[in-house]
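K.L.:
Dropping in query_2.tsv, which is TSV, C-alpha atoms:
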```tsv
chain	number	residue	atom	x	y	z
B	1	MET	CA	42.55	30.81	105.03
B	2	ILE	CA	42.85	34.53	104.38
B	3	GLU	CA	45.97	36.27	105.67
B	4	ILE	CA	44.59	39.16	107.73
B	5	ILE	CA	47.15	41.78	108.76
B	6	ASN	CA	46.66	44.97	110.75
B	7	LEU	CA	42.93	45.01	109.98
B	8	SER	CA	41.07	48.33	109.76
B	9	LYS	CA	39.26	49.31	112.97
B	10	ASP	CA	36.20	50.54	111.06
B	11	LYS	CA	32.87	49.00	112.09
B	12	PRO	CA	32.26	46.83	108.99
B	13	TYR	CA	35.75	45.35	109.45
B	14	LYS	CA	35.04	44.54	113.11
B	15	ILE	CA	31.83	42.77	112.09
B	16	PHE	CA	33.69	41.01	109.29
B	17	LYS	CA	36.38	39.78	111.68
B	18	ASN	CA	33.83	38.44	114.18
B	19	PHE	CA	32.10	36.45	111.44
B	20	TYR	CA	35.44	35.25	110.06
B	21	ASP	CA	36.53	34.00	113.48
B	22	SER	CA	33.17	32.25	113.96
B	23	ALA	CA	33.45	30.63	110.52
B	24	LEU	CA	36.93	29.34	111.40
B	25	ILE	CA	35.62	27.88	114.65
B	26	GLU	CA	32.81	26.22	112.68
B	27	ASN	CA	35.47	24.77	110.36
B	28	GLN	CA	34.07	26.51	107.27
B	29	LYS	CA	35.63	25.02	104.12
B	30	SER	CA	36.95	27.25	101.31
B	31	ILE	CA	36.67	30.28	103.56
B	32	GLU	CA	38.88	32.20	101.08
B	33	ALA	CA	36.68	31.47	98.02
B	34	ILE	CA	35.34	34.80	96.77
B	35	SER	CA	33.28	35.44	93.67
B	36	ILE	CA	34.42	38.46	91.66
B	37	ALA	CA	31.86	39.87	89.23
B	38	SER	CA	33.03	42.28	86.55
B	39	PHE	CA	31.63	44.08	83.52
B	40	ASN	CA	33.08	44.33	80.03
B	41	PRO	CA	31.74	47.43	78.20
B	42	ARG	CA	32.97	46.26	74.78
B	43	LYS	CA	31.12	42.94	75.02
B	44	ASN	CA	28.36	44.55	77.13
B	45	GLU	CA	28.61	41.46	79.35
B	46	VAL	CA	28.73	40.70	83.05
B	47	GLU	CA	31.03	37.84	84.04
B	48	SER	CA	31.83	36.23	87.40
B	49	ARG	CA	34.20	33.61	88.77
B	50	PHE	CA	35.58	32.41	92.10
B	51	VAL	CA	39.15	33.28	93.07
B	52	ASN	CA	41.10	32.70	96.27
B	53	LEU	CA	41.30	35.79	98.45
B	54	LYS	CA	44.86	35.85	99.82
B	55	TYR	CA	45.20	38.97	101.97
B	56	ILE	CA	43.30	41.65	103.78
B	57	ILE	CA	45.84	44.25	104.89
B	58	ASN	CA	44.25	47.15	106.76
B	59	ASN	CA	41.29	47.79	104.38
B	60	GLU	CA	42.82	46.42	101.17
B	61	TRP	CA	41.75	43.01	99.84
B	62	THR	CA	44.08	41.14	97.43
B	63	PHE	CA	44.00	38.10	95.16
B	64	PHE	CA	46.37	37.04	92.36
B	65	SER	CA	45.75	36.36	88.70
B	66	ASN	CA	47.06	36.52	85.16
B	67	TYR	CA	47.17	40.15	83.96
B	68	GLU	CA	46.17	39.15	80.42
B	69	SER	CA	43.14	37.10	81.47
B	70	PRO	CA	39.59	38.13	80.50
B	71	LYS	CA	38.93	39.42	84.02
B	72	ALA	CA	42.04	41.65	83.83
B	73	MET	CA	40.67	43.04	80.54
B	74	ASP	CA	37.30	43.64	82.25
B	75	PHE	CA	38.95	45.48	85.17
B	76	SER	CA	40.99	47.72	82.85
B	77	SER	CA	37.88	48.91	81.00
B	78	HIS	CA	35.45	48.95	83.97
B	79	SER	CA	37.20	49.13	87.32
B	80	GLN	CA	34.12	48.64	89.53
B	81	ILE	CA	33.46	45.10	90.77
B	82	SER	CA	31.17	43.16	93.07
B	83	ALA	CA	32.71	40.57	95.41
B	84	LEU	CA	30.77	37.89	97.24
B	85	LEU	CA	31.63	35.48	100.07
B	86	TYR	CA	29.28	32.75	101.26
B	87	TRP	CA	29.98	30.88	104.48
B	88	LYS	CA	27.43	28.10	104.66
B	89	ARG	CA	28.28	27.17	108.26
B	90	LEU	CA	27.01	30.62	109.34
B	91	ASN	CA	24.36	30.88	106.59
B	92	LEU	CA	26.07	34.17	105.79
B	93	GLN	CA	26.66	36.12	102.59
B	94	ILE	CA	29.03	39.07	102.57
B	95	ARG	CA	28.47	41.35	99.57
B	96	LEU	CA	31.08	43.96	98.68
B	97	LYS	CA	31.40	46.61	96.00
B	98	SER	CA	34.67	48.27	95.11
B	99	LYS	CA	37.03	49.68	92.53
B	100	ILE	CA	39.86	47.32	91.65
B	101	TYR	CA	43.46	47.96	90.60
B	102	LYS	CA	46.77	46.14	90.18
B	103	SER	CA	48.73	45.63	93.40
B	104	SER	CA	52.18	47.22	93.64
B	105	LYS	CA	54.95	45.36	91.82
B	106	SER	CA	56.94	44.88	95.00
B	107	PHE	CA	53.95	43.32	96.74
B	108	SER	CA	53.36	40.92	93.84
B	109	ASP	CA	57.11	40.12	93.68
B	110	ASN	CA	57.15	39.31	97.34
B	111	HIS	CA	54.08	37.07	97.20
B	112	PHE	CA	55.48	35.26	94.14
B	113	LYS	CA	58.81	34.67	95.90
B	114	ASN	CA	57.02	32.99	98.78
B	115	ARG	CA	54.85	30.65	96.73
B	116	SER	CA	55.79	27.09	95.90
B	117	ILE	CA	57.79	26.42	92.72
B	118	GLU	CA	54.92	24.19	91.59
B	119	LYS	CA	52.36	27.00	91.75
B	120	ASN	CA	54.75	29.44	90.11
B	121	ALA	CA	55.43	27.05	87.24
B	122	LEU	CA	51.72	27.18	86.44
B	123	ALA	CA	51.58	30.98	86.75
B	124	ILE	CA	54.39	31.13	84.18
B	125	SER	CA	53.27	28.34	81.83
B	126	SER	CA	49.56	29.10	81.56
B	127	PHE	CA	48.05	31.73	79.27
B	128	GLN	CA	44.94	31.90	81.39
B	129	SER	CA	41.61	31.38	79.59
B	130	LYS	CA	43.25	31.05	76.15
B	131	GLU	CA	42.08	28.03	74.19
B	132	THR	CA	44.30	24.93	74.16
B	133	PRO	CA	44.06	21.84	71.93
B	134	SER	CA	43.80	19.60	74.98
B	135	TYR	CA	44.39	19.25	78.70
B	136	VAL	CA	47.47	17.13	77.88
B	137	ASP	CA	49.06	20.22	76.26
B	138	VAL	CA	48.41	22.13	79.49
B	139	GLU	CA	50.19	19.42	81.47
B	140	ASP	CA	53.13	19.23	79.00
B	141	SER	CA	53.68	22.96	79.04
B	142	TYR	CA	53.52	22.96	82.85
B	143	HIS	CA	56.06	20.14	83.24
B	144	LYS	CA	58.49	21.75	80.76
B	145	THR	CA	58.32	25.01	82.75
B	146	LEU	CA	58.73	23.19	86.03
B	147	LYS	CA	62.03	21.69	84.82
B	148	LYS	CA	63.38	25.10	83.83
B	149	ILE	CA	62.52	27.25	86.84
B	150	ASN	CA	64.07	27.49	90.26
B	151	ILE	CA	63.68	29.46	93.47
B	152	GLN	CA	65.40	32.49	91.87
B	153	THR	CA	63.00	32.73	88.93
B	154	ALA	CA	61.43	36.19	88.80
B	155	ARG	CA	57.72	36.88	88.66
B	156	PRO	CA	56.57	37.28	85.05
B	157	GLU	CA	55.14	40.69	84.14
B	158	TYR	CA	51.84	39.05	83.19
B	159	TRP	CA	51.06	37.68	86.63
B	160	GLY	CA	50.39	39.57	89.87
B	161	GLY	CA	47.95	40.89	92.43
B	162	PHE	CA	44.67	42.70	92.14
B	163	SER	CA	43.63	44.78	95.14
B	164	PHE	CA	40.43	46.49	96.14
B	165	ILE	CA	39.17	48.65	99.01
B	166	PRO	CA	35.40	48.14	99.35
B	167	TYR	CA	33.08	51.15	99.55
B	168	TYR	CA	30.06	48.93	100.30
B	169	PHE	CA	29.47	45.97	102.65
B	170	GLU	CA	26.33	43.92	103.15
B	171	PHE	CA	26.17	41.24	105.82
B	172	TRP	CA	23.26	38.97	104.92
B	173	GLN	CA	22.28	36.25	107.39
B	174	GLY	CA	19.66	33.69	106.45
B	175	HIS	CA	16.88	33.06	108.97
B	176	GLU	CA	13.83	30.82	109.15
B	177	ASN	CA	10.96	31.64	106.76
B	178	ARG	CA	13.27	33.98	104.84
B	179	LEU	CA	13.27	36.55	107.66
B	180	ASN	CA	16.85	37.24	106.67
B	181	LYS	CA	18.93	39.86	108.46
B	182	ARG	CA	20.57	42.42	106.18
B	183	HIS	CA	23.04	44.98	107.50
B	184	VAL	CA	24.58	47.44	105.07
B	185	PHE	CA	27.52	49.85	105.34
B	186	GLU	CA	28.15	52.35	102.59
B	187	GLN	CA	31.07	54.76	102.58
B	188	GLN	CA	30.25	58.41	101.98
B	189	ASP	CA	32.86	61.13	102.55
B	190	ASP	CA	35.03	58.86	104.69
B	191	LYS	CA	32.07	57.87	106.90
B	192	TRP	CA	30.26	54.55	106.92
B	193	ILE	CA	26.48	55.03	106.55
B	194	GLU	CA	24.69	52.13	108.20
B	195	ARG	CA	21.30	50.72	107.17
B	196	ILE	CA	19.06	47.72	107.84
B	197	LEU	CA	17.37	46.34	104.71
B	198	GLN	CA	14.16	44.38	104.33
B	199	PRO	CA	14.70	40.72	103.50
D	1	MET	CA	17.88	20.57	95.94
D	2	ILE	CA	17.07	21.82	92.47
D	3	GLU	CA	13.91	20.47	90.85
D	4	ILE	CA	15.12	19.10	87.50
D	5	ILE	CA	12.38	18.21	85.02
D	6	ASN	CA	12.67	16.86	81.49
D	7	LEU	CA	16.27	18.08	81.20
D	8	SER	CA	17.69	19.07	77.80
D	9	LYS	CA	19.69	16.31	76.10
D	10	ASP	CA	22.36	18.77	74.90
D	11	LYS	CA	25.94	17.92	75.90
D	12	PRO	CA	26.48	20.67	78.51
D	13	TYR	CA	23.27	19.54	80.23
D	14	LYS	CA	24.44	15.92	80.29
D	15	ILE	CA	27.73	17.01	81.87
D	16	PHE	CA	25.82	19.23	84.30
D	17	LYS	CA	23.56	16.35	85.34
D	18	ASN	CA	26.51	14.00	85.94
D	19	PHE	CA	28.18	16.55	88.19
D	20	TYR	CA	24.88	17.29	89.97
D	21	ASP	CA	24.31	13.60	90.70
D	22	SER	CA	27.89	13.26	91.98
D	23	ALA	CA	27.47	16.32	94.20
D	24	LEU	CA	24.27	14.82	95.67
D	25	ILE	CA	26.08	11.56	96.39
D	26	GLU	CA	28.85	13.55	98.08
D	27	ASN	CA	26.18	15.26	100.18
D	28	GLN	CA	27.02	18.74	98.89
D	29	LYS	CA	25.34	21.38	101.08
D	30	SER	CA	23.47	24.33	99.53
D	31	ILE	CA	23.61	22.68	96.14
D	32	GLU	CA	20.95	25.13	94.93
D	33	ALA	CA	22.88	28.29	95.96
D	34	ILE	CA	23.67	30.24	92.79
D	35	SER	CA	25.30	33.63	92.51
D	36	ILE	CA	23.60	35.95	90.04
D	37	ALA	CA	25.71	38.88	88.84
D	38	SER	CA	23.98	41.78	87.09
D	39	PHE	CA	24.83	45.20	85.72
D	40	ASN	CA	23.01	48.48	86.25
D	41	PRO	CA	23.77	50.94	83.40
D	42	ARG	CA	22.34	53.94	85.28
D	43	LYS	CA	24.60	53.38	88.30
D	44	ASN	CA	27.35	51.92	86.08
D	45	GLU	CA	27.70	49.22	88.72
D	46	VAL	CA	28.05	45.45	88.82
D	47	GLU	CA	26.24	43.72	91.67
D	48	SER	CA	25.99	40.08	92.72
D	49	ARG	CA	24.12	38.00	95.29
D	50	PHE	CA	23.24	34.37	96.00
D	51	VAL	CA	19.73	33.13	95.34
D	52	ASN	CA	18.20	29.66	95.52
D	53	LEU	CA	17.84	28.02	92.14
D	54	LYS	CA	14.45	26.24	92.20
D	55	TYR	CA	13.96	24.62	88.80
D	56	ILE	CA	15.69	23.54	85.63
D	57	ILE	CA	12.98	22.57	83.16
D	58	ASN	CA	14.39	21.42	79.83
D	59	ASN	CA	16.98	24.22	79.33
D	60	GLU	CA	15.30	26.94	81.41
D	61	TRP	CA	16.64	27.82	84.86
D	62	THR	CA	14.32	29.56	87.37
D	63	PHE	CA	14.55	31.28	90.75
D	64	PHE	CA	12.05	33.55	92.53
D	65	SER	CA	12.36	37.10	93.80
D	66	ASN	CA	10.70	40.42	94.40
D	67	TYR	CA	10.01	42.20	91.09
D	68	GLU	CA	10.75	45.62	92.59
D	69	SER	CA	14.11	44.63	94.09
D	70	PRO	CA	17.38	46.18	92.90
D	71	LYS	CA	18.24	43.02	90.92
D	72	ALA	CA	14.88	43.21	89.10
D	73	MET	CA	15.73	46.83	88.20
D	74	ASP	CA	19.15	45.66	86.96
D	75	PHE	CA	17.60	42.92	84.80
D	76	SER	CA	15.07	45.31	83.24
D	77	SER	CA	17.80	47.71	82.08
D	78	HIS	CA	20.50	45.10	81.26
D	79	SER	CA	19.10	41.63	80.67
D	80	GLN	CA	22.43	39.78	80.43
D	81	ILE	CA	23.64	38.06	83.60
D	82	SER	CA	26.38	35.76	84.86
D	83	ALA	CA	25.42	32.84	87.12
D	84	LEU	CA	27.85	30.85	89.22
D	85	LEU	CA	27.59	27.59	91.15
D	86	TYR	CA	30.37	26.25	93.37
D	87	TRP	CA	30.24	22.69	94.69
D	88	LYS	CA	33.11	22.36	97.12
D	89	ARG	CA	32.74	18.57	97.47
D	90	LEU	CA	33.69	18.26	93.78
D	91	ASN	CA	36.00	21.31	93.72
D	92	LEU	CA	33.82	22.44	90.84
D	93	GLN	CA	32.68	25.82	89.56
D	94	ILE	CA	29.97	26.06	86.92
D	95	ARG	CA	29.94	29.42	85.17
D	96	LEU	CA	26.95	30.43	83.05
D	97	LYS	CA	26.03	33.44	80.97
D	98	SER	CA	22.50	34.19	79.84
D	99	LYS	CA	19.75	36.65	79.16
D	100	ILE	CA	17.14	36.78	81.94
D	101	TYR	CA	13.41	37.46	81.86
D	102	LYS	CA	10.30	37.16	84.06
D	103	SER	CA	8.77	33.69	84.18
D	104	SER	CA	5.20	33.29	82.94
D	105	LYS	CA	2.50	34.43	85.37
D	106	SER	CA	0.91	30.99	85.46
D	107	PHE	CA	4.25	29.40	86.37
D	108	SER	CA	4.82	31.91	89.19
D	109	ASP	CA	1.21	31.47	90.39
D	110	ASN	CA	1.65	27.74	90.51
D	111	HIS	CA	4.93	27.89	92.42
D	112	PHE	CA	3.45	30.40	94.90
D	113	LYS	CA	0.42	28.18	95.50
D	114	ASN	CA	2.69	25.28	96.43
D	115	ARG	CA	4.91	27.17	98.87
D	116	SER	CA	4.32	27.28	102.61
D	117	ILE	CA	2.12	30.03	104.04
D	118	GLU	CA	5.11	31.13	106.12
D	119	LYS	CA	7.31	31.75	103.08
D	120	ASN	CA	4.48	33.47	101.22
D	121	ALA	CA	3.81	35.79	104.17
D	122	LEU	CA	7.39	37.06	103.79
D	123	ALA	CA	7.08	37.40	99.99
D	124	ILE	CA	4.01	39.60	100.61
D	125	SER	CA	5.22	41.57	103.64
D	126	SER	CA	8.76	42.42	102.55
D	127	PHE	CA	9.70	45.27	100.24
D	128	GLN	CA	12.97	43.62	99.37
D	129	SER	CA	16.12	45.70	99.85
D	130	LYS	CA	14.19	48.79	100.98
D	131	GLU	CA	15.52	50.36	104.16
D	132	THR	CA	13.72	49.61	107.43
D	133	PRO	CA	14.10	51.31	110.82
D	134	SER	CA	14.95	47.97	112.43
D	135	TYR	CA	14.78	44.21	112.18
D	136	VAL	CA	11.91	44.29	114.71
D	137	ASP	CA	9.80	46.19	112.16
D	138	VAL	CA	10.53	43.43	109.63
D	139	GLU	CA	9.31	40.82	112.11
D	140	ASP	CA	6.18	42.83	113.04
D	141	SER	CA	5.18	43.34	109.42
D	142	TYR	CA	5.73	39.64	108.75
D	143	HIS	CA	3.62	38.47	111.69
D	144	LYS	CA	0.77	40.87	110.80
D	145	THR	CA	0.74	39.50	107.25
D	146	LEU	CA	0.89	35.93	108.48
D	147	LYS	CA	-2.31	36.47	110.51
D	148	LYS	CA	-4.17	37.85	107.48
D	149	ILE	CA	-3.26	35.36	104.76
D	150	ASN	CA	-4.45	31.85	104.09
D	151	ILE	CA	-3.99	29.09	101.55
D	152	GLN	CA	-6.26	30.95	99.05
D	153	THR	CA	-4.19	34.14	99.09
D	154	ALA	CA	-3.08	35.05	95.56
D	155	ARG	CA	0.49	35.76	94.52
D	156	PRO	CA	1.20	39.49	94.67
D	157	GLU	CA	2.10	41.12	91.34
D	158	TYR	CA	5.45	42.20	92.79
D	159	TRP	CA	6.76	38.67	93.41
D	160	GLY	CA	7.51	35.91	90.92
D	161	GLY	CA	10.03	33.94	88.91
D	162	PHE	CA	13.01	34.94	86.86
D	163	SER	CA	14.09	32.46	84.18
D	164	PHE	CA	17.14	32.17	81.97
D	165	ILE	CA	18.42	29.88	79.22
D	166	PRO	CA	22.24	29.91	79.28
D	167	TYR	CA	24.18	30.51	76.05
D	168	TYR	CA	27.51	29.78	77.79
D	169	PHE	CA	28.69	27.06	80.20
D	170	GLU	CA	32.10	26.62	81.79
D	171	PHE	CA	32.87	23.57	83.92
D	172	TRP	CA	35.93	24.44	86.01
D	173	GLN	CA	37.47	21.70	88.12
D	174	GLY	CA	40.27	22.50	90.52
D	175	HIS	CA	43.36	20.27	90.41
D	176	GLU	CA	46.67	20.07	92.24
D	177	ASN	CA	49.15	22.91	91.58
D	178	ARG	CA	46.37	24.89	89.87
D	179	LEU	CA	46.37	22.57	86.85
D	180	ASN	CA	42.64	23.20	86.71
D	181	LYS	CA	40.44	21.66	84.03
D	182	ARG	CA	38.28	24.11	82.11
D	183	HIS	CA	35.67	22.94	79.64
D	184	VAL	CA	33.60	25.55	77.81
D	185	PHE	CA	30.43	25.32	75.71
D	186	GLU	CA	29.19	28.34	73.82
D	187	GLN	CA	26.03	28.40	71.77
D	188	GLN	CA	26.34	29.68	68.20
D	189	ASP	CA	23.50	29.26	65.71
D	190	ASP	CA	21.85	26.53	67.79
D	191	LYS	CA	25.09	24.56	68.05
D	192	TRP	CA	27.32	24.22	71.10
D	193	ILE	CA	30.94	25.13	70.31
D	194	GLU	CA	33.23	23.24	72.68
D	195	ARG	CA	36.64	24.42	73.89
D	196	ILE	CA	39.29	23.55	76.48
D	197	LEU	CA	40.80	26.59	78.22
D	198	GLN	CA	44.18	27.02	79.87
D	199	PRO	CA	44.02	27.17	83.66
```
Written as structure tokens, that's how I'd like the structure from this file.
P.N.:
Amino acid sequence: MIEIINLSKDKPYKIFKNFYDSALIENQKSIEAISIASFNPRKNEVESRFVNLKYIINNEWTFFSNYESPKAMDFSSHSQISALLYWKRLNLQIRLKSKIYKSSKSFSDNHFKNRSIEKNALAISSFQSKETPSYVDVEDSYHKTLKKINIQTARPEYWGGFSFIPYYFEFWQGHENRLNKRHVFEQQDDKWIERILQP
Amino acid sequence: MIEIINLSKDKPYKIFKNFYDSALIENQKSIEAISIASFNPRKNEVESRFVNLKYIINNEWTFFSNYESPKAMDFSSHSQISALLYWKRLNLQIRLKSKIYKSSKSFSDNHFKNRSIEKNALAISSFQSKETPSYVDVEDSYHKTLKKINIQTARPEYWGGFSFIPYYFEFWQGHENRLNKRHVFEQQDDKWIERILQP
């Protein structure tokens, strides 16, 4: 599930919400799984991974991560990203483009405070994407942290939200014989320019 | 389904095949859906979209597309891509990085010849990702093409395969409390360097 609060009234958000509600009715699994593609200019490499989208508040989309992870490094040197949802039950892709930035500290603090101790222990104990001798070391480090922390433990500086406000939406619906429907919205000067694309 | 032929015996391919067989047993839907993320240096933009992966032959992965589409333009100016599979039934992501190139003409010809006339009509009639006045125009153009073509119709120059041979694999398996398992293979001088990453 994605926590959707006070959603924007703009047309792409209305279309998004209709599809989201339909996907829920169809019991779409992993509805919050979103691929985030980033670019690292130093490595000259594109990279992508799925994360869990947690919030859409008005027009701002947020997920949480380690701030020293490779994707955080990518965002700090190239802030533009592509995000991609795929809801099989509707045969629907939603393609987004955006700039990305760290969420406010208070927002990250608040989200951290409301997560389970178990999840927070991992956020604290794991140096995301760093090499480890074995999975057993990952488990040991996690269980040591879990013993030490409690409900008062503060969010570590190296973990928090990333937020983005898309400037581009494509709703792509698969149809028979590849006659797919493609509906694009692109923001220009605070207006959404709407287009239909060939499949 | 992905057509897998004479698969490489390298370790990441053996792991891949085990997961693939498990996903089939678990009746994973859209097992061939793969996100391809690309970079366009002129626009300075990352973009991503799902395509259908058609073949893995030895160590070469292939899907088909329009050669004048935006992704084809991206590939021609920045040949490195990130590819991403997600099989919910196994709670598994497979992350790949690679260079991408056009498949051989004979391979594309052969694949085209073996597709349905209906699919080929769309490959011919659609100028992928170009704007159209309406979806009705897309349908009209498709039905006109469908009347004209037959089983002898040759593949158009502007449609064919893209192939890639990954130099990087990550197998990411989700576990309770985010204690995810991450197993990486990176090719260096014809050897696969293996690492375990922190979650």
K.L.:
Rank D:Ser8, D:Gln152, D:Gln173, D:Asn110 by their smallest atom-to-atom distance to chain B, using all atoms listed in the file, and report the top residue only.
P.N.:
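Among the listed residues, D:Gln173 lies closest to chain B.
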K.L.:
Distance limit 8 Å, atoms considered: all atoms listed in the file. Which chain D residues sit that close to chain B? Return them as a PDB file with C-alpha atoms, keeping the file's coordinate frame.
P.N.:
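Below is the file result00.pdb, written as the result:
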```pdb
ATOM      1  CA  LYS D  29      25.340  21.380 101.080  1.00  0.00           C
ATOM      2  CA  SER D  30      23.470  24.330  99.530  1.00  0.00           C
ATOM      3  CA  ALA D  37      25.710  38.880  88.840  1.00  0.00           C
ATOM      4  CA  SER D  38      23.980  41.780  87.090  1.00  0.00           C
ATOM      5  CA  PHE D  39      24.830  45.200  85.720  1.00  0.00           C
ATOM      6  CA  GLU D  45      27.700  49.220  88.720  1.00  0.00           C
ATOM      7  CA  VAL D  46      28.050  45.450  88.820  1.00  0.00           C
ATOM      8  CA  GLU D  47      26.240  43.720  91.670  1.00  0.00           C
ATOM      9  CA  SER D  48      25.990  40.080  92.720  1.00  0.00           C
ATOM     10  CA  ARG D  49      24.120  38.000  95.290  1.00  0.00           C
ATOM     11  CA  PHE D  50      23.240  34.370  96.000  1.00  0.00           C
ATOM     12  CA  GLN D  80      22.430  39.780  80.430  1.00  0.00           C
ATOM     13  CA  ILE D  81      23.640  38.060  83.600  1.00  0.00           C
ATOM     14  CA  SER D  82      26.380  35.760  84.860  1.00  0.00           C
ATOM     15  CA  ALA D  83      25.420  32.840  87.120  1.00  0.00           C
ATOM     16  CA  LEU D  84      27.850  30.850  89.220  1.00  0.00           C
ATOM     17  CA  LYS D  88      33.110  22.360  97.120  1.00  0.00           C
ATOM     18  CA  GLN D  93      32.680  25.820  89.560  1.00  0.00           C
ATOM     19  CA  ARG D  95      29.940  29.420  85.170  1.00  0.00           C
ATOM     20  CA  LYS D  97      26.030  33.440  80.970  1.00  0.00           C
ATOM     21  CA  GLU D 118       5.110  31.130 106.120  1.00  0.00           C
ATOM     22  CA  LYS D 119       7.310  31.750 103.080  1.00  0.00           C
ATOM     23  CA  LEU D 122       7.390  37.060 103.790  1.00  0.00           C
ATOM     24  CA  SER D 126       8.760  42.420 102.550  1.00  0.00           C
ATOM     25  CA  PHE D 127       9.700  45.270 100.240  1.00  0.00           C
ATOM     26  CA  GLN D 128      12.970  43.620  99.370  1.00  0.00           C
ATOM     27  CA  SER D 129      16.120  45.700  99.850  1.00  0.00           C
ATOM     28  CA  LYS D 130      14.190  48.790 100.980  1.00  0.00           C
ATOM     29  CA  GLU D 131      15.520  50.360 104.160  1.00  0.00           C
ATOM     30  CA  THR D 132      13.720  49.610 107.430  1.00  0.00           C
ATOM     31  CA  PRO D 133      14.100  51.310 110.820  1.00  0.00           C
ATOM     32  CA  SER D 134      14.950  47.970 112.430  1.00  0.00           C
ATOM     33  CA  TYR D 135      14.780  44.210 112.180  1.00  0.00           C
ATOM     34  CA  VAL D 138      10.530  43.430 109.630  1.00  0.00           C
ATOM     35  CA  GLU D 139       9.310  40.820 112.110  1.00  0.00           C
ATOM     36  CA  ASN D 177      49.150  22.910  91.580  1.00  0.00           C
ATOM     37  CA  ARG D 178      46.370  24.890  89.870  1.00  0.00           C
ATOM     38  CA  LEU D 179      46.370  22.570  86.850  1.00  0.00           C
ATOM     39  CA  LYS D 181      40.440  21.660  84.030  1.00  0.00           C
ATOM     40  CA  ARG D 195      36.640  24.420  73.890  1.00  0.00           C
ATOM     41  CA  ILE D 196      39.290  23.550  76.480  1.00  0.00           C
ATOM     42  CA  LEU D 197      40.800  26.590  78.220  1.00  0.00           C
ATOM     43  CA  GLN D 198      44.180  27.020  79.870  1.00  0.00           C
ATOM     44  CA  PRO D 199      44.020  27.170  83.660  1.00  0.00           C
TER      45      PRO D 199
END
```
K.L.:
Using only C-alpha atoms, give me every residue within 9 Å of (20.6, 28.9, 83.3) in file coordinates, as an MDAnalysis selection string.
P.N.:
chainID D and resid 56 59:62 83 96:100 163:169
K.L.:
Kindly extract all protein, DNA and RNA residues lying within 10 Å of the coordinates (16.6, 19.4, 76.9) given in the file, considering only C-alpha atoms, and supply them as a PyMOL selection string.
P.N.:
chain D and resi 5-11+13-14+56-60
K.L.:
Would you work out the distance separating atom CA of B:Leu24 from atom CA of B:Phe171, expressed in Å to one decimal?
P.N.:
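Result for atom CA of B:Leu24 versus atom CA of B:Phe171: 17.0 Å, one decimal.
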K.L.:
To one decimal in Å, tell me the separation between atom CA of B:Trp87 and atom CA of B:Lys54.
P.N.:
16.4 Å
K.L.:
Which distance in Å separates atom CA of B:Pro12 and atom CA of B:Asp189, to one decimal?
P.N.:
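Separating atom CA of B:Pro12 from atom CA of B:Asp189 is a distance of 15.7 Å.
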